[in-house]
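Have a look at the structure below before the remarks.
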Amino acid sequence: FAHGESAAGREVLQRAFRLCEPPAALGGQGAGERVAYFAMMAFDTLAMGNFPFPSDYLTNGGATLPAHPVRAACAHLADAALADEDSEEALLEALGKAAMTLYDPDGSAACVKLPTDVTYDGIWDYQYCTELLPQETYFARDGNADMFWPSKYDAAAQRRHCKDRYGIEPDEYRIARLYGGLAGVRNSTNLVLSNGELDPWSAGGVVANVSGAHASVIALAMPTGAHHSDLFFANIADD
């Protein structure tokens, strides 16, 4: 974050993350914060797309990510020497290489640009505002139970955002009313609740059979599955 406060620091960030131009503040985010989100969202997306086979699903048909892309990204950060206090710029460059596992997986781009949507929510922002589905950039972080910087969830700010942008008052209980929560699961039949164990979103899924549910309601965990693995064609690397 401090690198974003000086011209020299912004040049360091530009080099480390192969940016087409030095980062600049935008939409209430400082230059350093924008780069931090850029790196964070790379790991977020790579974790969802952490399939055991190459895939272009999370790049929307663009460049193909390698098999186990999180491993590929983390390999750039595996050098113990990066922990030295004098290796700050080298650590930033390693983090930039890790992020390029998503943003330029085949290394063909001369440089990359920071997104202008500082929330990274795109089409999901409206659904967040209508149903309050969890959205990555709204999650609280403390830097202890996760690998990111501390950030508190601000419910009031998000409600203002939804009202100002869409004229919508978020309804916290809409999903519970529609689907009934665990009671809805217990009152259902012929239902398979599948989750890939490598998919971060499985934390919000039903990953074990629900006590009292009908025998035809099955929680299915896929050990090497990631986001939407259950909707893919079969692959020889599937477990």
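Following the order of the structure tokens, first chain is A, next is B, and so on, with residues numbered from 1 inside each chain and ligands from 1 in the order they appear.
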
Neighbour list for A:Gly205 as a PyMOL selection string, cut-off 10 Å, only C-alpha atoms, skip fewer than 6 positions in-chain: chain A and resi 193-196+219

Those selected residues, please, written with all heavy atoms and delivered as a compact mmCIF listing (two decimals), in the first residue's frame.
# COMPACT_ATOMS: atom_id res chain seq x y z
N LEU A 193 -26.76 -32.36 -3.61
CA LEU A 193 -26.09 -31.10 -3.28
C LEU A 193 -24.58 -31.32 -3.44
O LEU A 193 -23.91 -31.85 -2.56
CB LEU A 193 -26.43 -30.70 -1.84
CG LEU A 193 -27.93 -30.53 -1.58
CD1 LEU A 193 -28.23 -30.53 -0.10
CD2 LEU A 193 -28.43 -29.24 -2.22
N SER A 194 -24.05 -30.94 -4.60
CA SER A 194 -22.66 -31.25 -4.93
C SER A 194 -21.76 -30.03 -4.72
O SER A 194 -22.15 -28.89 -5.00
CB SER A 194 -22.55 -31.73 -6.38
OG SER A 194 -23.12 -30.79 -7.26
N ASN A 195 -20.57 -30.29 -4.21
CA ASN A 195 -19.59 -29.23 -3.98
C ASN A 195 -18.20 -29.76 -4.27
O ASN A 195 -17.85 -30.88 -3.86
CB ASN A 195 -19.63 -28.75 -2.53
CG ASN A 195 -20.80 -27.81 -2.25
OD1 ASN A 195 -20.71 -26.61 -2.52
ND2 ASN A 195 -21.88 -28.34 -1.73
N GLY A 196 -17.40 -28.96 -4.96
CA GLY A 196 -15.99 -29.28 -5.13
C GLY A 196 -15.23 -28.82 -3.90
O GLY A 196 -15.35 -27.66 -3.48
N ALA A 219 -25.64 -35.16 -0.02
CA ALA A 219 -24.54 -34.20 -0.14
C ALA A 219 -23.35 -34.92 -0.75
O ALA A 219 -22.90 -35.93 -0.24
CB ALA A 219 -24.18 -33.63 1.22

As a PyMOL selection string, please: every residue in chain A that DSSP puts in alpha helix (DSSP H). chain A and resi 7-16+31-48+69-75+88-103+124-131+155-166+174-179+181-186

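Atom CA of A:Phe17 is found 12.0 Å from atom CA of A:Ala109.
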
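Counting from atom CA of A:Arg160, the distance to atom CA of A:Phe1 is 26.2 Å.
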
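All residues of protein, DNA or RNA that reach within 12 Å of A:Gly28, judged by only C-alpha atoms and not counting those fewer than 6 positions away in the chain, are Arg34, Thr116, Asp117, Val118 and Thr119 of chain A.
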
Output for the residues just chosen: N, CA, C and O atoms as a PDB file, in the first residue's frame:
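Done, and the output landed in again.pdb:
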ATOM      1  N   ARG A  34      -5.396  -0.622  -5.230  1.00  0.00           N
ATOM      2  CA  ARG A  34      -5.864  -1.202  -6.494  1.00  0.00           C
ATOM      3  C   ARG A  34      -5.005  -2.396  -6.899  1.00  0.00           C
ATOM      4  O   ARG A  34      -5.517  -3.424  -7.357  1.00  0.00           O
ATOM      5  N   THR A 116     -10.931  -1.297 -14.436  1.00  0.00           N
ATOM      6  CA  THR A 116     -11.531  -0.025 -14.009  1.00  0.00           C
ATOM      7  C   THR A 116     -12.710  -0.249 -13.076  1.00  0.00           C
ATOM      8  O   THR A 116     -13.171   0.689 -12.426  1.00  0.00           O
ATOM      9  N   ASP A 117     -13.228  -1.481 -12.997  1.00  0.00           N
ATOM     10  CA  ASP A 117     -14.267  -1.816 -12.019  1.00  0.00           C
ATOM     11  C   ASP A 117     -13.544  -2.195 -10.723  1.00  0.00           C
ATOM     12  O   ASP A 117     -13.107  -3.323 -10.544  1.00  0.00           O
ATOM     13  N   VAL A 118     -13.416  -1.233  -9.821  1.00  0.00           N
ATOM     14  CA  VAL A 118     -12.604  -1.465  -8.621  1.00  0.00           C
ATOM     15  C   VAL A 118     -13.251  -2.463  -7.672  1.00  0.00           C
ATOM     16  O   VAL A 118     -12.597  -2.971  -6.752  1.00  0.00           O
ATOM     17  N   THR A 119     -14.546  -2.784  -7.863  1.00  0.00           N
ATOM     18  CA  THR A 119     -15.204  -3.768  -7.001  1.00  0.00           C
ATOM     19  C   THR A 119     -15.032  -5.186  -7.517  1.00  0.00           C
ATOM     20  O   THR A 119     -15.256  -6.145  -6.780  1.00  0.00           O
TER      21      THR A 119
END

Neighbours of stretch 223-229 of chain A within 10 Å (only C-alpha atoms; same-chain residues fewer than 4 positions away dropped), as a PyMOL selection string? chain A and resi 45-52+57-58+68+194-202+233-234+237-239

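Atom to atom, atom CA of A:Leu92 and atom CA of A:Leu13 stand 7.5 Å apart.
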
Find the spatial neighbours of A:Gln14, counting only C-alpha atoms, within a cut-off of 12 Å - ignore same-chain residues fewer than 4 positions away - and output them as JSON, numbers by chain. {"A": [3, 4, 7, 8, 9, 10, 18, 19, 20, 21, 22, 23, 24, 31, 32, 34, 35, 89, 92, 93, 96, 111, 112, 113, 114]}

The residue from A:Ala110, A:Ala140, A:Ala39, A:Leu82 with the smallest atom-to-atom distance to A:Ala98, counting only C-alpha atoms, is A:Ala39

Check the DSSP output for the backbone and give back, as number ranges by chain, the residues of stretch 42-216 of chain A in strand (DSSP E). A: 191-196

Writing out the chosen residues with N, CA and C atoms as an mmCIF file, in the first residue's frame:
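Writing done, so here's selection.cif:
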data_model
loop_
_atom_site.group_PDB
_atom_site.id
_atom_site.type_symbol
_atom_site.label_atom_id
_atom_site.label_comp_id
_atom_site.auth_asym_id
_atom_site.auth_seq_id
_atom_site.Cartn_x
_atom_site.Cartn_y
_atom_site.Cartn_z
ATOM 1 N N LEU A 191 -32.673 -34.813 -4.356
ATOM 2 C CA LEU A 191 -31.821 -33.631 -4.456
ATOM 3 C C LEU A 191 -30.370 -34.034 -4.200
ATOM 4 N N VAL A 192 -29.486 -33.667 -5.132
ATOM 5 C CA VAL A 192 -28.048 -33.890 -4.951
ATOM 6 C C VAL A 192 -27.382 -32.532 -4.753
ATOM 7 N N LEU A 193 -26.757 -32.356 -3.614
ATOM 8 C CA LEU A 193 -26.085 -31.104 -3.276
ATOM 9 C C LEU A 193 -24.581 -31.325 -3.441
ATOM 10 N N SER A 194 -24.050 -30.939 -4.599
ATOM 11 C CA SER A 194 -22.656 -31.246 -4.928
ATOM 12 C C SER A 194 -21.763 -30.030 -4.721
ATOM 13 N N ASN A 195 -20.572 -30.289 -4.209
ATOM 14 C CA ASN A 195 -19.595 -29.234 -3.983
ATOM 15 C C ASN A 195 -18.199 -29.759 -4.267
ATOM 16 N N GLY A 196 -17.402 -28.955 -4.963
ATOM 17 C CA GLY A 196 -15.992 -29.279 -5.131
ATOM 18 C C GLY A 196 -15.228 -28.819 -3.897
#

Find the residues near A:Ala73: any atom within 9 Å, counting only C-alpha atoms, skip ones fewer than 5 places away on the same chain, and give them as a PyMOL selection string. chain A and resi 43+46+95+97-102

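Proximity to A:Pro105 was assessed for A:Ala16, A:Ala156, A:Ala63, A:Leu91 counting only C-alpha atoms; the smallest distance is recorded for A:Ala63.
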
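Non-sequential neighbours of A:His214 (distance at most 7 Å, separation of 5 or more positions within a chain, only C-alpha atoms) are A:Arg186, A:Ser188, A:Thr189.
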